Amino acid sequence: MKNKHVVDLTDLSHRELMDIISLANDIKAKPDDYLDVCRGKILATLFYEPSTRTQMSFQTAMLRLGGSIIGFDNPQNSSVAKGENLKDTVSVIGGYADIIAIRHPGEGTAAAAAMYSPVPVINAGDGGHLHPTQTLTDVVTLYNEMGRLDNLCIGLCGDLKNGRTVHSLIKTMSTFKKNRFVLISTPELSVPQYIKDVINASECDYTEVTSLAEAMPELDVLYMTRIQRERFTSEEEYQKQNGVFVLDKEKLRYAKKTMKILHPLPRVDEIDVEVDYDERAKYYIQTVYGMYGRMALILTMLKNDERVFAPRIMPTHPFRCSNPRCITKSEKYLPAVFTEVGGDMLLCRYCDGRNLI
Amino acid sequence: MKNKHVVDLTDLSHRELMDIISLANDIKAKPDDYLDVCRGKILATLFYEPSTRTQMSFQTAMLRLGGSIIGFDNPQNSSVAKGENLKDTVSVIGGYADIIAIRHPGEGTAAAAAMYSPVPVINAGDGGHLHPTQTLTDVVTLYNEMGRLDNLCIGLCGDLKNGRTVHSLIKTMSTFKKNRFVLISTPELSVPQYIKDVINASECDYTEVTSLAEAMPELDVLYMTRIQRERFTSEEEYQKQNGVFVLDKEKLRYAKKTMKILHPLPRVDEIDVEVDYDERAKYYIQTVYGMYGRMALILTMLKNDERVFAPRIMPTHPFRCSNPRCITKSEKYLPAVFTEVGGDMLLCRYCDGRNLI
Amino acid sequence: MKNKHVVDLTDLSHRELMDIISLANDIKAKPDDYLDVCRGKILATLFYEPSTRTQMSFQTAMLRLGGSIIGFDNPQNSSVAKGENLKDTVSVIGGYADIIAIRHPGEGTAAAAAMYSPVPVINAGDGGHLHPTQTLTDVVTLYNEMGRLDNLCIGLCGDLKNGRTVHSLIKTMSTFKKNRFVLISTPELSVPQYIKDVINASECDYTEVTSLAEAMPELDVLYMTRIQRERFTSEEEYQKQNGVFVLDKEKLRYAKKTMKILHPLPRVDEIDVEVDYDERAKYYIQTVYGMYGRMALILTMLKNDERVFAPRIMPTHPFRCSNPRCITKSEKYLPAVFTEVGGDMLLCRYCDGRNLI
């Protein structure tokens, strides 16, 4: 692998991603061949906010490779409560473990952790920013259930504005040929322009619709998402959006017999429990594909096992990122690092926030 | 095993129970033979309420068989906090793990989980309802310490009204011949009638007494239990009952030299710490027998390793269970399932609650 | 080993300590030789107060020896919440695990646990009293980084009054020849007299200074410590002491090129992050040495694998220890045990508190 860490799925080349999918399928076909391949290796799961689902998926992946796990899921119980900074935590745990999966509410945290960790870092979610192993899960599922990753008509439904899994899936699937995205949302929760720009620059295209039932007949895949209460400023705003799109047996009558229903889980009400009994429902088995995807990713990243204990010195920019959720707000020692993107615009290296000088 | 899951100890036939006790003893005698038998297998402990004692016993059991463990002990840190239902949690974790041990305050939860889990489920306690592996612990202890499970004079002392471990132990020991139960309690906390009915229908019998000292001389076994504060509506009611029966050195003077003292632990004050130094005290070693019992149970259940991912569709009854602590109160999608027990009475399939139509 | 438990580092003879350091170095050199040496063994980490750093170091140590781990880090989630005493918890967990590492806010807790545990107990910190594996970490680091444990000029800086790691390090390094301690602190936070007495009784000596910059040129080792907020009665007192001694690049200009900087971590502000990039900074690698030290300690202690389930009966003194933080205050059943130390003075066996009769 060209990169040591996986902060975003774009850290993997197209070739590397395909290799990981192949490896995931080989593990799924012959799990007994992989029972011991990570013997003596340790995965640390540093979860600064709880996410049992994701943490257990990583833990299971490592255990099924014969490795071991350490970690925490609660910052109140950790050295953080004594005022320790991210850099020290990552430096020390990077001395104990062979690979780190980190989740944190601060945007850009995984990028910051990767700067200091002597061992490979996997981003297990940094606020509303990135969550690459969810997208890996989705891609492994699509490849297995559809037999291909191109020429698909993919419906995406729910909160397309805030949903990071949706953005990341579109970005990745746009690198394959002739996929068509049907974006199903209310106008308030439609896909941001920069995601449309990504599709426009690719060999794929998209349509935007506001009715799930009308979109249904042409879909090869329907990717449902939860409307997340925490993304709204008022309960009223949330209630207005929640419940607009609910997949039930009635709506499924219009779908192809071969359509596959995906969902990143947890769901709340957006898929009726009746749908669970439909053969097209793939959201439970999707989590199992996710486990195989994470096994393949961990195994691939551990091949790069050179440890470097000396932290790198990076030049710091005089300007500070203005995104209030950026990790550089709370971890003051982090060097400010930006990419210039034309004119007076700076892109923050951590959170991808756009800053006008 | 005829059943895939163990929700109640009655899910095991008499023959299967004896086989598990034998296996527990074989593991105890030759632990090194079992160091790797669960290699590559994962136990998930889903503890929706904390119970370190029980959780650690399950974890230790799996680790000593060479398996691995995942799980949680705190619903605030889990996906449950995002509104996920039991069915989804069990469906997903059942894709990660090979066997599940579940504990939950809602009565009937393990039965509900067993309906949806692709892998075997063990009930690790569902509210005040059932806790089969505690009874397995007690039975393995009795078999080892007494050399037999019949012809025993068994004193049970404390809260015999609310104590689920007491009810379950009586039910199981009543299936063996000529056991005699000496029920030692205040009138307020005496054994419910339906438990007496179980004894009456068996080849065993019982007496009810109110003095621990008077009962002592004839006992082969004394099973002490804690008066649980949480079972009482007022602190005053609790204090009135607590401390009535305390086992101390003085009372032990009347006991047989070969009597064995058991307790499901944790204890509070009902056994004086002085008694710990008496050779008849078996409540510490009892927890070790429990570990061997759980090892034997896990190993036996894992032989049934066919995974079924499609959830079963069950017909639902128009009536809903009226027990306020029944799991169907909070998990609304669960089909109502009842057994008719004569006349207008329905027995809830989950919590065993009796409902008059 | 002459002692079964390690409550204080003095439980190890000088010879045993050197053997453990040698073993740590051998594990570090040939980790693959030790991948399976604790196969089938279980370490229980009983953390009655959170300390992620220490707990993870113990867990990693056991996992890298091929063993398994159980434990808790949160008393609210444990049986303790049901009123269970330390003795019962240790007795039961000692039936599940093969070795116990315990951390507790009560002074003398590890000594109390060792009285009842059927398996070896390691003190992982008992309040402000003892923390022997931190000192083991420091000694393994010094041996590796300096090549010797005698003839060193060791600066100790920060809170020398309350810092248990400082006291313990001085006591241990005083058993080696011709070490010189430079004690750098404000007058309010200087080393207690009894520690000076230890040095005076040894082949080592000490000087006390109040300036870090002035002390710097002669030091072979600089051991920095955190000023702990929780040791001060008021925020004002804390702020007056905090920030007096901060190690930065400027002060380092006066130090030897070969000096080594140690710190028990976590740090707050007492070492500037710039210093992390200096080759003399050894506080990150120090935690890795700590892991090897704990591996060697666990492996050595597990050689003593005789289990004794019967708790010992100890004679109790009519007098009770007056230290309000002593574990005997909350665990009333503990026998009062004292050593007479001249005149009317009694030394508490648990917390080392001095009591005047």
# chains A, B, ... in the order shown; residues from 1 in each chain; ligands from 1
>>> residues_around(residues="Leu299 in chain C", least_positions_apart="5", cutoff="9 Å", atoms="only C-alpha atoms", output="PyMOL selection string")
chain C and resi 37-38+62+65+294
>>> write_last_selection(atoms="C-alpha atoms", output="PDB file, in the first residue's frame")
ATOM      1  CA  VAL C  37       4.196 -18.777  27.053  1.00  0.00           C
ATOM      2  CA  CYS C  38       1.000 -17.757  28.880  1.00  0.00           C
ATOM      3  CA  MET C  62      -0.617 -10.400  28.997  1.00  0.00           C
ATOM      4  CA  LEU C  65       2.536 -13.462  26.165  1.00  0.00           C
ATOM      5  CA  ARG C 294       5.130  -6.033  33.117  1.00  0.00           C
TER       6      ARG C 294
END
>>> select_by_dssp(residues="range 11-129 of chain B", states="strand (DSSP E)", output="VMD selection string")
chain B and resid 42 to 47 68 to 72 99 to 104 121 to 126
>>> residues_around(residues="Arg307 in chain A", least_positions_apart="6", cutoff="10 Å", atoms="only C-alpha atoms", output="PyMOL selection string")
chain A and resi 94-95+98+117-120
>>> write_last_selection(atoms="C-alpha atoms", output="tab-separated table (two decimals), in the first residue's frame")
chain	number	residue	atom	x	y	z
A	94	GLY	CA	1.05	3.12	19.23
A	95	GLY	CA	3.79	1.59	21.38
A	98	ASP	CA	0.21	-2.87	16.08
A	117	SER	CA	1.14	7.25	15.44
A	118	PRO	CA	4.09	4.86	14.98
A	119	VAL	CA	1.61	2.24	13.70
A	120	PRO	CA	-1.12	2.31	11.00
>>> residues_around(residues="range 149-165 of chain A", least_positions_apart="4", cutoff="7 Å", atoms="only C-alpha atoms", output="ChimeraX atom specification")
/A:128-131,134-135,142-143,169,176-185,189-192,219-227,245
>>> residues_around(residues="range 325-335 of chain A", least_positions_apart="3", cutoff="12 Å", atoms="only C-alpha atoms", output="MDAnalysis selection string")
(chainID A and resid 83:88 104:116 126:129 312:322 338 347:355) or (chainID C and resid 269 272:274 276)
>>> residues_around(residues="Val246 in chain C", least_positions_apart="2", cutoff="8 Å", atoms="only C-alpha atoms", output="JSON, numbers by chain")
{"C": [243, 244, 248, 269, 270, 271, 272]}
>>> closest_residue(among="A:Ala281, A:Ile102, A:Ile357, A:Val268", to="Glu49 in chain A", atoms="only C-alpha atoms")
A:Ile102
>>> interface_residues(of="chain A", to="chain B", cutoff="6 Å", atoms="only C-alpha atoms", output="ChimeraX atom specification")
/A:50,52,266,284,288
>>> select_by_dssp(residues="range 105-351 of chain C", states="helix (DSSP H, G or I)", output="PyMOL selection string")
chain C and resi 109-116+132-146+164-173+187-189+193-200+212-218+229-231+235-241+249-252+273-277+283-302+327-329
>>> atom_distance(atom1="CA of Tyr206 in chain C", atom2="CA of Gly290 in chain C")
26.2 Å
>>> atom_distance(atom1="CA of Asp73 in chain B", atom2="CA of Ala296 in chain B")
23.5 Å
